[in-house]
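Have a look at start-v3.csv; it's CSV, C-alpha atoms and all ligand atoms:
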```csv
chain,number,residue,atom,x,y,z
A,1,MET,CA,89.8,106.2,83.6
A,2,ASN,CA,86.3,107.5,83.6
A,3,ILE,CA,86.4,111.1,84.8
A,4,PRO,CA,83.4,111.6,87.1
A,5,GLU,CA,80.9,114.5,87.0
A,6,THR,CA,81.2,114.8,90.8
A,7,VAL,CA,84.1,113.8,93.0
A,8,ILE,CA,84.1,113.9,96.8
A,9,VAL,CA,87.4,115.2,98.2
A,10,LEU,CA,87.8,114.7,101.9
A,11,GLY,CA,84.0,114.8,102.3
A,12,ILE,CA,83.6,117.9,100.1
A,13,PRO,CA,81.7,117.4,96.8
A,14,TYR,CA,83.4,119.0,93.8
A,15,THR,CA,81.7,119.4,90.4
A,16,VAL,CA,83.8,118.5,87.4
A,17,GLU,CA,83.2,120.9,84.5
A,18,ARG,CA,84.5,121.2,80.9
A,19,GLY,CA,85.8,124.5,79.7
A,20,GLY,CA,86.0,127.8,81.4
A,21,CYS,CA,89.8,127.8,81.5
A,22,GLU,CA,92.1,130.7,81.1
A,23,PRO,CA,94.0,130.7,77.7
A,24,ASP,CA,97.2,129.6,79.5
A,25,GLU,CA,95.8,126.8,81.6
A,26,SER,CA,94.6,123.2,81.0
A,27,GLY,CA,92.4,123.1,84.0
A,28,TYR,CA,91.6,124.7,87.3
A,29,CYS,CA,90.6,124.0,90.9
A,30,SER,CA,88.3,126.4,92.7
A,31,PRO,CA,88.0,125.3,96.4
A,32,THR,CA,85.6,128.2,97.1
A,33,LYS,CA,83.2,127.2,94.2
A,34,ARG,CA,84.0,123.5,94.7
A,35,VAL,CA,84.6,123.1,91.0
A,36,ILE,CA,87.3,121.3,89.1
A,37,GLY,CA,87.6,122.5,85.4
A,38,ILE,CA,89.1,120.7,82.5
A,39,ARG,CA,89.9,122.4,79.2
A,40,GLU,CA,88.0,121.1,76.2
A,41,GLY,CA,89.8,119.6,73.3
A,42,LEU,CA,92.4,117.7,75.2
A,43,CYS,CA,93.2,114.1,74.3
A,44,ARG,CA,92.1,111.4,76.8
A,45,GLU,CA,95.5,111.0,78.5
A,46,GLN,CA,95.8,114.8,78.9
A,47,GLU,CA,92.3,115.0,80.4
A,48,GLU,CA,93.1,112.3,82.9
A,49,GLN,CA,96.3,114.0,83.9
A,50,VAL,CA,94.6,117.4,84.3
A,51,PHE,CA,91.9,115.8,86.3
A,52,LEU,CA,94.4,114.1,88.7
A,53,HIS,CA,96.4,117.4,88.9
A,54,GLU,CA,93.4,119.4,89.9
A,55,LEU,CA,92.2,116.7,92.3
A,56,ILE,CA,95.6,116.8,94.0
A,57,HIS,CA,95.2,120.6,94.4
A,58,ALA,CA,91.8,119.9,96.0
A,59,VAL,CA,93.2,117.3,98.4
A,60,LEU,CA,96.1,119.6,99.4
A,61,THR,CA,93.8,122.5,100.2
A,62,GLY,CA,91.4,120.2,102.1
A,63,LEU,CA,94.4,119.2,104.3
A,64,ALA,CA,95.5,122.9,104.6
A,65,TYR,CA,98.8,122.2,102.8
A,66,ASP,CA,98.7,125.8,101.5
A,67,GLU,CA,102.3,126.0,100.5
A,68,GLU,CA,102.2,122.6,98.7
A,69,TYR,CA,98.9,123.7,97.0
A,70,GLU,CA,100.8,126.5,95.3
A,71,ASN,CA,103.7,124.1,94.3
A,72,GLU,CA,102.9,123.3,90.6
A,73,ARG,CA,106.0,121.2,90.2
A,74,LEU,CA,105.0,119.0,93.1
A,75,VAL,CA,101.3,118.8,92.0
A,76,GLN,CA,102.1,118.0,88.4
A,77,GLY,CA,104.8,115.5,89.4
A,78,LEU,CA,102.3,113.6,91.6
A,79,ALA,CA,99.7,113.8,88.9
A,80,VAL,CA,101.9,112.4,86.1
A,81,GLY,CA,103.5,109.8,88.5
A,82,LEU,CA,100.1,108.5,89.6
A,83,HIS,CA,98.7,108.5,86.1
A,84,GLN,CA,101.7,106.6,84.8
A,85,ALA,CA,101.6,104.0,87.6
A,86,LEU,CA,97.8,103.5,87.4
A,87,PHE,CA,97.2,103.8,83.7
A,88,GLY,CA,100.6,103.5,82.0
A,89,PRO,CA,101.4,100.8,79.5
A,90,THR,CA,103.1,98.6,82.1
A,91,SER,CA,100.0,98.3,84.3
A,92,SER,CA,98.2,94.9,84.1
A,93,SER,CA,94.8,96.5,84.1
B,1,ZN,ZN,98.1,123.3,89.2
```

Mind turning this structure into structure tokens?
Ligand SMILES: [Zn+2]
Amino acid sequence: MNIPETVIVLGIPYTVERGGCEPDESGYCSPTKRVIGIREGLCREQEEQVFLHELIHAVLTGLAYDEEYENERLVQGLAVGLHQALFGPTSSS
């Protein structure tokens, strides 16, 4: 997957940046700044999963699913599940 530099989430443009993460996080989503951040130094699969994870946060906040936005288990489960289905070794693409 090519991680884009900009992604439009429900009509709102988000900039995708590298770095700027807290020591304990792999990425972040800032709906107020419209930024998705990805930690530097991750392997490609980790970067893709982090991008999907933060993208799901952005979609949830755009839909005003505030409780789900805070649910890291749900967000990470969706991210890994989508990543595996789309890019996993059993996909034909
Ligand atoms: Zn999260």

Could you produce a table of the residues of chain A lying within 8 Å of ligand ZN 1 (chain B), with the nearest pair of atoms per residue and their separation in Å rounded to one decimal, using all atoms listed in the file, ordered by chain and increasing residue number, as a Markdown table?
```
| residue | atom | partner | partner_atom | distance |
| --- | --- | --- | --- | --- |
| A:Gly27 | CA | B:ZN1 | ZN | 7.7 |
| A:Tyr28 | CA | B:ZN1 | ZN | 6.9 |
| A:Cys29 | CA | B:ZN1 | ZN | 7.7 |
| A:His53 | CA | B:ZN1 | ZN | 6.1 |
| A:Glu54 | CA | B:ZN1 | ZN | 6.1 |
| A:His57 | CA | B:ZN1 | ZN | 6.5 |
| A:Tyr69 | CA | B:ZN1 | ZN | 7.9 |
| A:Glu70 | CA | B:ZN1 | ZN | 7.4 |
| A:Asn71 | CA | B:ZN1 | ZN | 7.6 |
| A:Glu72 | CA | B:ZN1 | ZN | 5.0 |
| A:Val75 | CA | B:ZN1 | ZN | 6.2 |
| A:Gln76 | CA | B:ZN1 | ZN | 6.7 |
```

>> Can you tell me which residues surround A:Leu10 at a distance of at most 9 Å, considering only C-alpha atoms, apart from same-chain residues fewer than 6 positions away, and format the answer as a ChimeraX atom specification?
In response: /A:58-59,62-63

Can you tell me, as an mmCIF file with C-alpha atoms, keeping the file's coordinate frame, which residues sit within 9 Å of (76.7, 120.8, 89.9) in the file's frame, using all atoms listed in the file?
```cif
data_model
loop_
_atom_site.group_PDB
_atom_site.id
_atom_site.type_symbol
_atom_site.label_atom_id
_atom_site.label_comp_id
_atom_site.auth_asym_id
_atom_site.auth_seq_id
_atom_site.Cartn_x
_atom_site.Cartn_y
_atom_site.Cartn_z
ATOM 1 C CA GLU A 5 80.900 114.500 87.000
ATOM 2 C CA THR A 6 81.200 114.800 90.800
ATOM 3 C CA TYR A 14 83.400 119.000 93.800
ATOM 4 C CA THR A 15 81.700 119.400 90.400
ATOM 5 C CA VAL A 16 83.800 118.500 87.400
ATOM 6 C CA GLU A 17 83.200 120.900 84.500
ATOM 7 C CA VAL A 35 84.600 123.100 91.000
#
```

>> Counting all atoms listed in the file, which residue out of A:Val9, A:Tyr65, A:Met1, A:Glu25 sits closest to A:Gly88?
In response: A:Met1

>> What does the structure give for the distance between atom CA of A:Pro23 and atom CA of A:Val7, in Å to one decimal?
In response: 24.9 Å

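Closest approach to A:Gly37 among A:Ala79, A:Ile3, A:Cys21, A:Leu52: A:Cys21, based on all atoms listed in the file.
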
Once 3 Å is added on each side, what centre and edge lengths in Å to one decimal does the axis-aligned box around all listed atoms of stretch 51-63 of chain A have, as lines of an AutoDock Vina configuration file?
```
center_x = 93.9
center_y = 118.3
center_z = 95.3
size_x = 11.0
size_y = 14.4
size_z = 24.0
```

>> Quick check, in Å to one decimal: how far apart do atom CA of A:Gly19 and atom CA of A:Arg44 lie?
In response: 14.8 Å
